[in-house]
Amino acid sequence: MQSQPRPSGRTRMRVITNSFAVTRVPTVVLFQYDVISPTLKPDNPRRRSEIIDKMQLTNANIFPRRGMYDGKNIFYTIGYKVENMTIPVQLNKSDKTPYIVRLTNTTYIDSNTLNDMVSSNGRAYRQGGDQNQAAINALQLIVRQAANMRHGFPLQAKSFFTKDGAKELGGGLQAWRGYFQSVRPVLGRLLVNVDVTHSAVVKAGPLLDVAMEFCNFRDIRDLAALPTDPNPQRWLKLQRFLKGVLIKPGSQFAKWSKGRPIRALIPNAGGYEFHVNGQPTTVRQYFQQKYNFALRYSTVFGIQIGKDAVFPAEVCTITPGQLYKKKLSEDQTKSFVSLAVQKPHQRLGSIESAVSGDRQLLDYQQSDFLATAGMVISTRPLEVEGHVLTPPQVLFGGRQASPINNGAWNVMGRQFLTPKKIDKLMVLVCVDPSERQAVEYFTKALVGNLTKLGSYAGGAPYFHIANLQNMRKTLEEVHKMQPGFVLVILPASAAIPRRYIKFWSSVISGIPTQCVRKGKYDSGKGLDQYCNNVALKMHAKYGGINSVVYAPIMDKLMGTMIIGCDVSHPAPGVNNRPSFASMVASVDRFASYWTSAIELQKPRQEIIEAIGPMFQTLLNAFVAFPENQGRCPHTVIVYRDGVSEGEYETVAAAEYDQIKRVLQSKEITRNTKVVFIIVTKRHHTRFFPERGAGDRSGNCPPGFVVEDQIVHSAIPDYYLLSHSGIIGTSRPSHYIVLRNDAQMTQQQLQELSFNLCHSYAAATRSVSIPTPVYYADLLCGHADYHFSPDEVANLDDDSSTNTSNQDFNLEQWQTVFKRGRSQKSLYFL
């Protein structure tokens, strides 16, 4: 369908989404219960599900139709109510003590609840949050439960995966394709969002085969010798890889219906001693005597299950479909990405096939749960109409505009808008001396590009050879020479030297640095473009302005402060490192000068605890900026990243209130208006243009926005695809406007957000989220460089005994973090 021009300068565009309409909501009442089983550990959802299934099977008079269970502590009956009761459940005849299940009725969901949730006044959202969440949880289970059970995944899982088309990743892993499902209330109806997803999966099959593949061994004797290997890291890596993996011994050795997790690896399993009836024996002897089974590889490791059961690895099999949540290697990541990337028409085809194909992967036509609830889901993806925004102008020196084509522009033949000439350039060489010629060639090309762009002061750069074995001494030598800028040439892999360099730059010296890696600077082909990209970063770090964005909406920004906020957390399971909270703010009308603030807080705390003092710091910088002549902003626009849907209101209320308190503390700021917007890419909504209507990658063009039809019933929100797709299916960003004191229109907010995606200093193409959000995210990542490698090791050791956030000693980290120079520049680029 051809686009049609609109008076506003936008163009219409009709697309297909990966959402499917619920054409009939549940026609029966759903009753919710708390499930309490005090004799059962809460970390065993598989066993809990077995107990709830057995409870229903053995009490058919109480449960005439199968209920829905979330695998934790919520249970639903469909169309009938069960009184509060206590039910003993005996899983096996051999169980001496039955499990005790207590059902307590907590609420119910009917058609009125569902209608309120999608009504235009959003009554359920604003006044009945718990009831609204209960309804969503129930609908999610109705939709997901049949497919999850069929494919062997937890009942509450958002996605299930299948081994069809699995790709080998090496190291005992495979990549599986799966499908995500989520029920979403939108204005006037319910939708089911379906998307393709992927996961690394532990390879099923004989445990020894997988262990051999992980270690890249061909001889079983190497596996037997691993625990005594002089390099203990290989044995430790295998232990970490296999810990928690579900296995089953052969049926002649154990009658397990489901796999059980590996607790530990036991070296030389055949020789492992234990007692039977008070008499010592070994695993080798036990298997020979009880099962008449002679171990072939008795010196290979065994596995511990539970407290004391030990099985030889050779009799065990890894159960299928176990998702791998740990970090992949670089090669595994490349292989994984190659499977996960799908062009838009391919992705849409996969989704449609899962919903309405012959195999009925999602079970919408066959699910007993859907049929019992009277819920019907359309098998045709929803079509919606959006608009394509006009891109802004990107202005360089002499106010010369660079044409934007499909979200990209060129700096060739341009000069920086406000050039700041880099003086006393040092090249710190951290690669082999044999690379000297390539390094000099690259440096010459880079200096040439800087000169053309108007940001080089002249004079030959001087080279200094680094000692990678003693980076501290090297950087002391560099500091004495007081260069104006340090270009660092690193090997392909140099994480520790880079950490020392960034710590020295950010905390000790204040001298900006730019690191480039081998493989980038010596590429030959595309070297000129790479040099330009490096020049953009260097000039911004040095304090110059590369370019500015101009569009009519920017005229309204005089006196407006734009803020990006983010919180980054330590890796999952890590409780002895802090979370970083960052704020980045513009101080000029073109959003080209930025100031920043960053604080540490307890691990995994999402609300920015110190946002008030951080905002005060940024506000002071805004007032002090010469252009503002001592005036405070009349509007503050906050873009907040990193917030999940369930935390929108909690985070917004806490952080918005702190910002308002700062503004109301002074007479001159009391009339300042605040706009608070959540920006997220952690969602599964996708847009698919008709063939030939998209860009070169088959995606919607940059600037495509949807502001109705699939948006929230109670909160103003919109989806904006601001960047050009390169490979795969582009993901739009989702903007949720939680506070709008300035009463800005949807069109103004959309155009501002789109324009801000063009002002990222280190790129010559529009990015996927507004620049202040991007900067806040980068600042969080850079904050780790405020600690030297030695300091991180010491702080980790001091915090190693901590088991929870409550035990975490935040003051230790803050004391170290707050010394050194204040980070106000764009060094985090």
# chains A, B, ... in the order shown; residues from 1 in each chain; ligands from 1
>>> residues_around(residues="region 99-105 of chain A", least_positions_apart="2", cutoff="9 Å", atoms="only C-alpha atoms", output="PyMOL selection string")
chain A and resi 31-40+51-52+55+75+81-91+97+107-108
>>> select_by_dssp(residues="region 16-261 of chain A", states="helix (DSSP H, G or I)", output="number ranges by chain")
A: 45-57, 111-118, 123-127, 129-151, 207-215, 220-228, 232-242
>>> atom_distance(atom1="CA of Glu667 (chain A)", atom2="CA of Asn740 (chain A)")
21.2 Å
>>> residues_around(residues="Val411 (chain A)", least_positions_apart="3", cutoff="9 Å", atoms="only C-alpha atoms", output="ChimeraX atom specification")
/A:396,402,414-416,453,532,764
>>> closest_residue(among="A:Leu30, A:Leu173, A:Leu826, A:Gln252", to="Thr106 (chain A)", atoms="only C-alpha atoms")
A:Leu30
>>> closest_residue(among="A:Phe20, A:Phe274, A:Phe442, A:Trp235", to="Leu191 (chain A)", atoms="only C-alpha atoms")
A:Phe20
>>> closest_residue(among="A:Glu476, A:Asp432, A:Asp229, A:Asp70", to="Ala134 (chain A)", atoms="only C-alpha atoms")
A:Asp70
>>> residues_around(residues="Leu618 (chain A)", least_positions_apart="2", cutoff="10 Å", atoms="only C-alpha atoms", output="PyMOL selection string")
chain A and resi 561+563+583-587+594-597+613-616+620-624
>>> residues_around(residues="region 283-285 of chain A", least_positions_apart="4", cutoff="12 Å", atoms="only C-alpha atoms", output="JSON, numbers by chain")
{"A": [266, 267, 268, 269, 270, 271, 272, 273, 274, 275, 276, 289, 290, 291, 292, 293, 294, 295, 296, 297, 298, 299, 300, 301, 302, 303, 304, 309, 310, 311, 312, 313, 314, 315]}
>>> residues_around(residues="region 506-513 of chain A", least_positions_apart="3", cutoff="9 Å", atoms="only C-alpha atoms", output="PyMOL selection string")
chain A and resi 479+482-488+501-503+538+541-542+785-787+819-823+827
>>> residues_around(residues="Leu468 (chain A)", least_positions_apart="2", cutoff="9 Å", atoms="only C-alpha atoms", output="PyMOL selection string")
chain A and resi 430-431+466+470-471+474+497
>>> write_last_selection(atoms="C-alpha atoms", output="short mmCIF file (atom, residue, chain, number, x, y, z; two decimals), in the first residue's frame")
data_model
loop_
_atom_site.label_atom_id
_atom_site.label_comp_id
_atom_site.auth_asym_id
_atom_site.auth_seq_id
_atom_site.Cartn_x
_atom_site.Cartn_y
_atom_site.Cartn_z
CA CYS A 430 50.53 -1.55 23.45
CA VAL A 431 51.07 -3.96 20.55
CA ALA A 466 53.91 0.59 26.72
CA ASN A 470 53.69 -2.98 34.22
CA MET A 471 50.93 -0.63 33.05
CA THR A 474 53.86 3.10 31.90
CA PRO A 497 45.41 -2.92 30.34
#
>>> closest_residue(among="A:Asn449, A:Ser182, A:Gln746, A:Thr228", to="Asp708 (chain A)", atoms="only C-alpha atoms")
A:Gln746
>>> closest_residue(among="A:Gly458, A:Gly171, A:Gln279, A:Ala610", to="Leu238 (chain A)", atoms="only C-alpha atoms")
A:Gly171
>>> atom_distance(atom1="CA of Val25 (chain A)", atom2="CA of Asn137 (chain A)")
14.2 Å
>>> closest_residue(among="A:Asp588, A:Lys327, A:Val643, A:Ser94", to="Glu627 (chain A)", atoms="only C-alpha atoms")
A:Asp588
